[in-house]
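To start, the structure itself, in structure tokens.
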Amino acid sequence: MRPILLSGHERSLTQIKYNAEGDLLFSASKDHIINVWHSHNGERLGTYDGHNGSVWTVDVDSTSTYLVSGSADNMMKLWLVKTGQCIKTWEFTTAIKRVQWSEDDSKILCLTEQRMGYQGAVRVFEIPRDGSSLSISASDEPIFTINPHGKKATVAAWTALDQYIVTGHEDGRLNLWDMDGELFWEKEEKAHQELITDLQFSEDGTYFVTSSKDKSAKIWSVGPDKNSSGEEDFLTLIKTFPGDTPLNSAALIPGKPYVLVGGGQEAMAVTTTSARQGHFEIKFWHRVFEEEVARVKGGFGPCNTIAAHPLMKGYAIGGEDGYVRVHHFDDDFALSKPYGNFEPED
């Protein structure tokens with residue numbers, strides 16, 4: 001499983017994303033540029049150039065028509081995927097740390113950073129799907145705003161059917177918000193002991209995986225469910241995957257019972273450490289048995305972001321070294337049966 005090495009950035013990667021079909025891969029970096037690649041051979045199709053700061057986050061809609069990005073220049077931009085034209089810009093008081101399209105592509109979630117006395121917030125913008133007039137009709141003002149209390153939110157995502165928004169926080173807490181911007185469920189105990197670095201949902205949006213600086217990744221169910229005490233819980237811990245290094249990202253492989261986790265020693269200390277001692281490998285965990293089943297060599301620095309191919313063909317990682325590594329699974333991986341000949345009922 002030798003990776004395809006994509007060299008199109010001069011600084012470290014911040015987020016990578018596949019489109020719904022998995023044929024395109026979008027990469028965001030601290031060098032102000034967004035690249036789009038053919039995922040099967042690593043050919044670069046083009047760039048989206050317009051930000052004046054580190055691009056922290058990027059997401060593409062389900063039809064691969066529109067791309068949204070957020071940057072340290074305090075701007076969120078909407079792009080045409082095919083032409084690279086920027087058709088809409090929103091400006092904020094602080095950097096945008098996470099953006100995501102809703103399931104029906106009608107809304108965009110935008111998480112702004114808490115900094116310089118400005119309160120961080122999650123804003124939701126409505127995006128009418130009316131073709132050429134999109135840039136004119138897209139609202140300048142959010143339809144509602146979530147103002148997290150306590151420690152700042154670091155990640156945010158939609159749940160299934162866009163019913164709720166879940167936020168992960170600097171102090172390791174998870175919260176669930178309704179579509180009125182009100183707090184729906186607050187997890188009493190901390191989900192993690194340190195900052196939550198990534199949050200990625202399953203295909204159906206009913207559960208998600210988080211990674212944290214506390215060296216663990218965890219899978220959570222979006223309820224209502226019964227927790228271990230028999231009480232109703234809307235954010236129920238399902239599985240825990242402990243590690244030996246701070247984690248920066250975690251992803252679920254669709255159709256297979258595996259979780260990918262990646263991270264490594266902090267970038268500032270990498271020069272004093274070999275690749276093996278820095279724990280830059282990508283680890284495969286069995287999501288049911290909570291056992292580590294494989295390790296794949298990463299880059300020459302920490303892994304900052306992981307994306308799993310939506311059709312189970314492989315995965316990609318973005319590293320501190322500025323490279324995107326695209327891994328394709330061998331044919332026997334898709335045919336493997338981790339549960340033997342047992343097949344679930346339809």
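Here's how to read the names in the structure tokens: chain A, B, ... by the order shown, residue numbers from 1 in each chain, ligand numbers from 1 in the order shown.
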Discussion item. What's around stretch 35-48 of chain A at 10 Å? Count only C-alpha atoms, leave out sequence neighbours fewer than 5 positions away in its own chain, and write the answer as a PyMOL selection string.
Written reply: chain A and resi 3-9+16-19+22-29+67+69+79-86+309+313-316+324-328
Take the residues just selected and output them with N, CA, C and O atoms as a short mmCIF file (atom, residue, chain, number, x, y, z; two decimals), in the first residue's frame.
data_model
loop_
_atom_site.label_atom_id
_atom_site.label_comp_id
_atom_site.auth_asym_id
_atom_site.auth_seq_id
_atom_site.Cartn_x
_atom_site.Cartn_y
_atom_site.Cartn_z
N PRO A 3 1.95 4.85 -0.78
CA PRO A 3 1.11 6.02 -1.02
C PRO A 3 1.54 6.81 -2.25
O PRO A 3 2.69 6.73 -2.70
N ILE A 4 0.59 7.58 -2.79
CA ILE A 4 0.90 8.59 -3.80
C ILE A 4 1.19 9.88 -3.05
O ILE A 4 0.38 10.34 -2.25
N LEU A 5 2.36 10.45 -3.31
CA LEU A 5 2.80 11.64 -2.59
C LEU A 5 2.41 12.88 -3.40
O LEU A 5 2.86 13.03 -4.54
N LEU A 6 1.59 13.74 -2.82
CA LEU A 6 1.12 14.94 -3.51
C LEU A 6 1.85 16.16 -2.96
O LEU A 6 1.74 16.47 -1.77
N SER A 7 2.60 16.82 -3.82
CA SER A 7 3.38 17.97 -3.41
C SER A 7 2.81 19.22 -4.06
O SER A 7 3.10 19.52 -5.23
N GLY A 8 1.99 19.95 -3.32
CA GLY A 8 1.38 21.16 -3.87
C GLY A 8 1.26 22.27 -2.85
O GLY A 8 0.68 23.31 -3.14
N HIS A 9 1.81 22.03 -1.66
CA HIS A 9 1.75 23.03 -0.60
C HIS A 9 3.14 23.30 -0.05
O HIS A 9 4.01 22.41 -0.02
N ILE A 16 -8.06 17.97 4.87
CA ILE A 16 -8.29 17.41 3.55
C ILE A 16 -9.68 16.79 3.53
O ILE A 16 -10.18 16.31 4.56
N LYS A 17 -10.31 16.81 2.35
CA LYS A 17 -11.68 16.32 2.23
C LYS A 17 -11.88 15.67 0.86
O LYS A 17 -11.49 16.23 -0.17
N TYR A 18 -12.50 14.48 0.85
CA TYR A 18 -12.97 13.88 -0.39
C TYR A 18 -14.35 14.44 -0.73
O TYR A 18 -15.11 14.83 0.17
N ASN A 19 -14.69 14.44 -2.03
CA ASN A 19 -16.07 14.74 -2.40
C ASN A 19 -16.91 13.48 -2.23
O ASN A 19 -16.40 12.42 -1.85
N GLY A 22 -15.73 10.50 -4.17
CA GLY A 22 -14.38 10.08 -3.85
C GLY A 22 -13.37 10.26 -4.98
O GLY A 22 -12.21 9.87 -4.83
N ASP A 23 -13.78 10.87 -6.10
CA ASP A 23 -12.84 11.04 -7.21
C ASP A 23 -12.02 12.32 -7.09
O ASP A 23 -11.00 12.47 -7.77
N LEU A 24 -12.45 13.23 -6.24
CA LEU A 24 -11.72 14.48 -6.02
C LEU A 24 -11.30 14.58 -4.56
O LEU A 24 -12.03 14.17 -3.66
N LEU A 25 -10.12 15.16 -4.36
CA LEU A 25 -9.60 15.37 -3.02
C LEU A 25 -9.20 16.84 -2.89
O LEU A 25 -8.43 17.35 -3.71
N PHE A 26 -9.74 17.51 -1.87
CA PHE A 26 -9.45 18.91 -1.63
C PHE A 26 -8.51 19.02 -0.43
O PHE A 26 -8.72 18.36 0.59
N SER A 27 -7.50 19.88 -0.53
CA SER A 27 -6.54 20.04 0.55
C SER A 27 -6.39 21.51 0.90
O SER A 27 -6.28 22.37 0.01
N ALA A 28 -6.40 21.81 2.19
CA ALA A 28 -6.22 23.17 2.69
C ALA A 28 -4.94 23.22 3.52
O ALA A 28 -4.57 22.25 4.18
N SER A 29 -4.28 24.38 3.49
CA SER A 29 -2.96 24.48 4.09
C SER A 29 -2.73 25.87 4.68
O SER A 29 -3.48 26.81 4.41
N LEU A 67 -17.81 24.80 -3.24
CA LEU A 67 -16.82 24.57 -2.21
C LEU A 67 -16.86 25.74 -1.24
O LEU A 67 -17.00 26.89 -1.65
N SER A 69 -14.82 27.49 2.21
CA SER A 69 -13.54 27.46 2.92
C SER A 69 -13.53 28.53 4.01
O SER A 69 -14.23 29.54 3.92
N TRP A 79 -16.96 28.97 -3.37
CA TRP A 79 -16.31 28.84 -4.67
C TRP A 79 -17.12 27.93 -5.59
O TRP A 79 -17.81 27.03 -5.12
N LEU A 80 -16.98 28.16 -6.89
CA LEU A 80 -17.44 27.19 -7.88
C LEU A 80 -16.34 26.16 -8.07
O LEU A 80 -15.20 26.51 -8.40
N VAL A 81 -16.66 24.89 -7.84
CA VAL A 81 -15.65 23.84 -7.92
C VAL A 81 -15.05 23.76 -9.32
O VAL A 81 -13.83 23.64 -9.49
N LYS A 82 -15.89 23.84 -10.34
CA LYS A 82 -15.43 23.62 -11.70
C LYS A 82 -14.47 24.70 -12.20
O LYS A 82 -13.49 24.42 -12.87
N THR A 83 -14.74 25.96 -11.84
CA THR A 83 -13.96 27.06 -12.40
C THR A 83 -12.98 27.69 -11.41
O THR A 83 -12.07 28.41 -11.83
N GLY A 84 -13.18 27.46 -10.11
CA GLY A 84 -12.32 28.09 -9.12
C GLY A 84 -12.70 29.53 -8.83
O GLY A 84 -11.98 30.25 -8.14
N GLN A 85 -13.87 29.97 -9.34
CA GLN A 85 -14.32 31.35 -9.12
C GLN A 85 -14.91 31.51 -7.73
O GLN A 85 -15.73 30.71 -7.30
N CYS A 86 -14.51 32.56 -7.03
CA CYS A 86 -15.09 32.88 -5.73
C CYS A 86 -16.35 33.69 -5.97
O CYS A 86 -16.30 34.77 -6.58
N HIS A 309 -11.77 7.51 2.23
CA HIS A 309 -12.48 7.50 0.94
C HIS A 309 -13.92 7.04 1.16
O HIS A 309 -14.16 6.03 1.84
N LYS A 313 -12.18 2.89 -0.78
CA LYS A 313 -11.06 2.59 -1.68
C LYS A 313 -9.71 2.96 -1.07
O LYS A 313 -8.67 2.62 -1.64
N GLY A 314 -9.73 3.68 0.05
CA GLY A 314 -8.47 4.07 0.65
C GLY A 314 -8.65 5.22 1.61
O GLY A 314 -9.76 5.48 2.10
N TYR A 315 -7.57 5.94 1.85
CA TYR A 315 -7.63 7.10 2.73
C TYR A 315 -6.49 8.03 2.36
O TYR A 315 -5.56 7.67 1.62
N ALA A 316 -6.57 9.26 2.88
CA ALA A 316 -5.52 10.25 2.63
C ALA A 316 -5.17 10.93 3.93
O ALA A 316 -6.02 11.09 4.82
N VAL A 324 0.54 15.69 1.00
CA VAL A 324 -0.66 14.87 1.12
C VAL A 324 -0.28 13.47 0.65
O VAL A 324 0.30 13.31 -0.44
N ARG A 325 -0.58 12.47 1.44
CA ARG A 325 -0.30 11.08 1.07
C ARG A 325 -1.61 10.34 0.86
O ARG A 325 -2.41 10.24 1.79
N VAL A 326 -1.80 9.85 -0.35
CA VAL A 326 -3.03 9.13 -0.71
C VAL A 326 -2.73 7.64 -0.74
O VAL A 326 -1.89 7.18 -1.54
N HIS A 327 -3.40 6.89 0.09
CA HIS A 327 -3.22 5.44 0.16
C HIS A 327 -4.43 4.76 -0.47
O HIS A 327 -5.57 5.10 -0.16
N HIS A 328 -4.17 3.79 -1.34
CA HIS A 328 -5.24 2.99 -1.92
C HIS A 328 -5.17 1.58 -1.34
O HIS A 328 -4.09 0.96 -1.31
#
Any chance you could tabulate, as a tab-separated table, the residues of stretch 83-131 of chain A at most 12 Å from stretch 144-158 of chain A with each one's nearest atom pair and distance in Å to one decimal, using only C-alpha atoms, in chain and rising number order?
residue	atom	partner	partner_atom	distance
A:Ala95	CA	A:Thr154	CA	11.5
A:Ile96	CA	A:Thr154	CA	10.1
A:Lys97	CA	A:Thr154	CA	7.1
A:Arg98	CA	A:Val155	CA	6.3
A:Val99	CA	A:Ala156	CA	8.1
A:Gln100	CA	A:Ala157	CA	6.8
A:Trp101	CA	A:Trp158	CA	8.3
A:Ser102	CA	A:Trp158	CA	6.5
A:Glu103	CA	A:Trp158	CA	7.8
A:Asp104	CA	A:Trp158	CA	11.0
A:Asp105	CA	A:Trp158	CA	11.5
A:Lys107	CA	A:Trp158	CA	10.3
A:Ile108	CA	A:Trp158	CA	9.7
A:Leu109	CA	A:Ala157	CA	7.5
A:Cys110	CA	A:Ala156	CA	8.3
A:Leu111	CA	A:Ala156	CA	6.9
A:Thr112	CA	A:Ala153	CA	8.5
A:Glu113	CA	A:Lys152	CA	7.4
A:Gln114	CA	A:Lys152	CA	6.0
A:Arg115	CA	A:Lys152	CA	9.2
A:Gly117	CA	A:Lys152	CA	12.0
A:Tyr118	CA	A:Lys152	CA	10.8
A:Gln119	CA	A:Asn147	CA	7.7
A:Gly120	CA	A:Lys152	CA	6.4
A:Ala121	CA	A:Asn147	CA	4.8
A:Val122	CA	A:Ile146	CA	4.9
A:Arg123	CA	A:Thr145	CA	4.5
A:Val124	CA	A:Phe144	CA	5.8
A:Phe125	CA	A:Phe144	CA	7.7
A:Glu126	CA	A:Phe144	CA	9.6
For the residues selected in the previous step, produce a file with C-alpha atoms as an mmCIF file, in the first residue's frame.
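Generated file (out_35.cif):
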data_model
loop_
_atom_site.group_PDB
_atom_site.id
_atom_site.type_symbol
_atom_site.label_atom_id
_atom_site.label_comp_id
_atom_site.auth_asym_id
_atom_site.auth_seq_id
_atom_site.Cartn_x
_atom_site.Cartn_y
_atom_site.Cartn_z
ATOM 1 C CA ALA A 95 -10.575 33.206 12.155
ATOM 2 C CA ILE A 96 -12.879 30.470 10.835
ATOM 3 C CA LYS A 97 -11.830 27.085 12.243
ATOM 4 C CA ARG A 98 -14.461 24.741 10.782
ATOM 5 C CA VAL A 99 -17.007 24.837 7.952
ATOM 6 C CA GLN A 100 -19.417 22.116 6.834
ATOM 7 C CA TRP A 101 -22.318 21.730 4.423
ATOM 8 C CA SER A 102 -25.596 20.421 5.791
ATOM 9 C CA GLU A 103 -26.868 17.062 4.581
ATOM 10 C CA ASP A 104 -29.299 18.650 2.085
ATOM 11 C CA ASP A 105 -26.759 21.282 0.920
ATOM 12 C CA LYS A 107 -27.032 25.463 4.827
ATOM 13 C CA ILE A 108 -23.428 26.038 5.850
ATOM 14 C CA LEU A 109 -22.112 25.711 9.391
ATOM 15 C CA CYS A 110 -19.298 28.105 10.297
ATOM 16 C CA LEU A 111 -17.278 27.977 13.538
ATOM 17 C CA THR A 112 -15.341 31.143 14.414
ATOM 18 C CA GLU A 113 -12.504 31.257 16.913
ATOM 19 C CA GLN A 114 -12.616 32.886 20.341
ATOM 20 C CA ARG A 115 -9.775 35.410 20.338
ATOM 21 C CA GLY A 117 -11.858 39.559 23.330
ATOM 22 C CA TYR A 118 -14.278 38.313 20.670
ATOM 23 C CA GLN A 119 -16.548 35.444 21.596
ATOM 24 C CA GLY A 120 -16.355 32.366 19.394
ATOM 25 C CA ALA A 121 -19.609 31.249 17.805
ATOM 26 C CA VAL A 122 -21.205 28.737 15.451
ATOM 27 C CA ARG A 123 -23.157 30.492 12.715
ATOM 28 C CA VAL A 124 -25.482 28.831 10.226
ATOM 29 C CA PHE A 125 -26.039 30.437 6.819
ATOM 30 C CA GLU A 126 -28.757 29.539 4.339
#
Practice prompt. Using atom CA of A:Gly172 and atom CA of A:Glu189 as the two end points, give the distance in Å to one decimal.
Written response: 9.3 Å
Fill in: Selected residue of minimal separation from A:Ile196 among A:Pro242, A:Leu247, A:Tyr164, A:Gly181, counting only C-alpha atoms
A:Leu247
Practice prompt. One decimal, Å: what's the distance from atom CA of A:Pro246 over to atom CA of A:Ser221, could you say?
Written response: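 Spanning atom CA of A:Pro246 to atom CA of A:Ser221 is a straight-line distance of 22.9 Å.
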Discussion item. Between atom CA of A:Met116 and atom CA of A:Lys213, what is the distance in Å, rounded to a tenth?
Written reply: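 That distance, rounded to one decimal, is 23.6 Å.
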Item to complete: Please give the complete set of residues from stretch 159-342 of chain A that DSSP, run on the backbone, assigns to strand (DSSP E), formatted as a PyMOL selection string.
Response: chain A and resi 165-169+174-177+183-186+196-201+207-212+216-226+232-242+247-252+258-263+282-286+292-296+303-308+314-319+323-328
What lies within 10 Å of A:Thr245 using only C-alpha atoms, ignoring chain neighbours under 5 positions off, as a short mmCIF file (atom, residue, chain, number, x, y, z; two decimals) with N, CA and C atoms, in the first residue's frame?
data_model
loop_
_atom_site.label_atom_id
_atom_site.label_comp_id
_atom_site.auth_asym_id
_atom_site.auth_seq_id
_atom_site.Cartn_x
_atom_site.Cartn_y
_atom_site.Cartn_z
N SER A 212 -8.27 13.61 20.37
CA SER A 212 -7.94 14.61 21.37
C SER A 212 -6.44 14.62 21.67
N LYS A 213 -6.01 15.72 22.26
CA LYS A 213 -4.63 15.84 22.73
C LYS A 213 -4.37 14.96 23.94
N ASP A 214 -5.43 14.36 24.51
CA ASP A 214 -5.22 13.46 25.66
C ASP A 214 -4.81 12.05 25.22
N LYS A 215 -4.45 11.90 23.93
CA LYS A 215 -3.90 10.67 23.36
C LYS A 215 -4.95 9.58 23.12
N SER A 216 -6.23 9.95 23.08
CA SER A 216 -7.26 8.95 22.85
C SER A 216 -8.23 9.39 21.76
N GLY A 262 -4.46 9.42 13.81
CA GLY A 262 -3.12 9.92 13.51
C GLY A 262 -2.79 11.15 14.33
N GLY A 263 -1.52 11.36 14.54
CA GLY A 263 -1.06 12.52 15.30
C GLY A 263 0.45 12.48 15.36
N GLY A 264 0.98 12.57 16.55
CA GLY A 264 2.41 12.50 16.72
C GLY A 264 2.93 13.57 17.65
N GLN A 265 4.20 13.49 17.90
CA GLN A 265 4.87 14.47 18.76
C GLN A 265 4.67 15.87 18.19
N GLU A 266 4.58 16.86 19.07
CA GLU A 266 4.37 18.23 18.63
C GLU A 266 5.43 18.66 17.61
N GLY A 278 8.70 9.55 17.09
CA GLY A 278 7.69 10.60 17.08
C GLY A 278 6.28 10.08 16.96
N HIS A 279 6.13 8.76 16.66
CA HIS A 279 4.82 8.12 16.53
C HIS A 279 3.97 8.82 15.46
N PHE A 280 4.55 8.93 14.26
CA PHE A 280 3.84 9.57 13.16
C PHE A 280 3.03 8.56 12.34
#
Item to complete: Pull the alpha helix (DSSP H) assignments for stretch 125-280 of chain A out of DSSP run on the backbone, and list those residues as JSON, numbers by chain.
Response: {"A": [134, 135, 136, 137]}
Just-selected residues, all heavy atoms written as a CSV table (one decimal), in the first residue's frame:
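Saved the output as out30.csv:
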chain,number,residue,atom,x,y,z
A,134,LEU,N,-26.8,32.6,-7.2
A,134,LEU,CA,-26.4,32.1,-5.9
A,134,LEU,C,-25.6,33.2,-5.1
A,134,LEU,O,-25.9,33.5,-4.0
A,134,LEU,CB,-25.5,30.9,-6.0
A,134,LEU,CG,-24.9,30.3,-4.7
A,134,LEU,CD1,-26.0,29.8,-3.8
A,134,LEU,CD2,-23.9,29.3,-4.9
A,135,SER,N,-24.7,33.9,-5.8
A,135,SER,CA,-23.9,34.9,-5.1
A,135,SER,C,-24.7,36.1,-4.6
A,135,SER,O,-24.3,36.8,-3.7
A,135,SER,CB,-22.8,35.4,-6.1
A,135,SER,OG,-23.3,36.0,-7.2
A,136,ILE,N,-25.8,36.3,-5.3
A,136,ILE,CA,-26.7,37.5,-4.9
A,136,ILE,C,-27.6,37.1,-3.8
A,136,ILE,O,-27.8,37.8,-2.8
A,136,ILE,CB,-27.5,38.0,-6.1
A,136,ILE,CG1,-26.5,38.4,-7.2
A,136,ILE,CG2,-28.4,39.1,-5.7
A,136,ILE,CD1,-27.2,38.8,-8.5
A,137,SER,N,-28.2,35.9,-3.8
A,137,SER,CA,-29.2,35.5,-2.9
A,137,SER,C,-28.7,34.8,-1.6
A,137,SER,O,-29.5,34.7,-0.7
A,137,SER,CB,-30.2,34.5,-3.6
A,137,SER,OG,-29.5,33.4,-4.1
Residue neighbourhood A:Asn304, 6 Å, only C-alpha atoms, exclusion window fewer than 2 positions, as a tab-separated table (two decimals) with C-alpha atoms, in the first residue's frame:
chain	number	residue	atom	x	y	z
A	248	ASN	CA	-4.76	15.37	15.69
A	318	GLY	CA	-2.15	15.60	5.42
A	319	GLY	CA	1.00	16.23	7.41
Worksheet item: Near A:Met75, within 8 Å and counting only C-alpha atoms, which residues show up once chain neighbours fewer than 6 positions away are dropped, as a list of chain:residue names?
Response: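 Returned residues: A:His51, A:Thr89, A:Trp90, A:Glu91, A:Phe92, A:Ala95, A:Ile96.
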Store the residues picked out above, limited to C-alpha atoms, as an mmCIF file, in the first residue's frame.
data_model
loop_
_atom_site.group_PDB
_atom_site.id
_atom_site.type_symbol
_atom_site.label_atom_id
_atom_site.label_comp_id
_atom_site.auth_asym_id
_atom_site.auth_seq_id
_atom_site.Cartn_x
_atom_site.Cartn_y
_atom_site.Cartn_z
ATOM 1 C CA HIS A 51 -7.373 33.853 0.957
ATOM 2 C CA THR A 89 -17.336 36.146 0.762
ATOM 3 C CA TRP A 90 -18.367 36.537 4.394
ATOM 4 C CA GLU A 91 -16.151 38.503 6.785
ATOM 5 C CA PHE A 92 -15.924 37.968 10.551
ATOM 6 C CA ALA A 95 -10.575 33.206 12.155
ATOM 7 C CA ILE A 96 -12.879 30.470 10.835
#
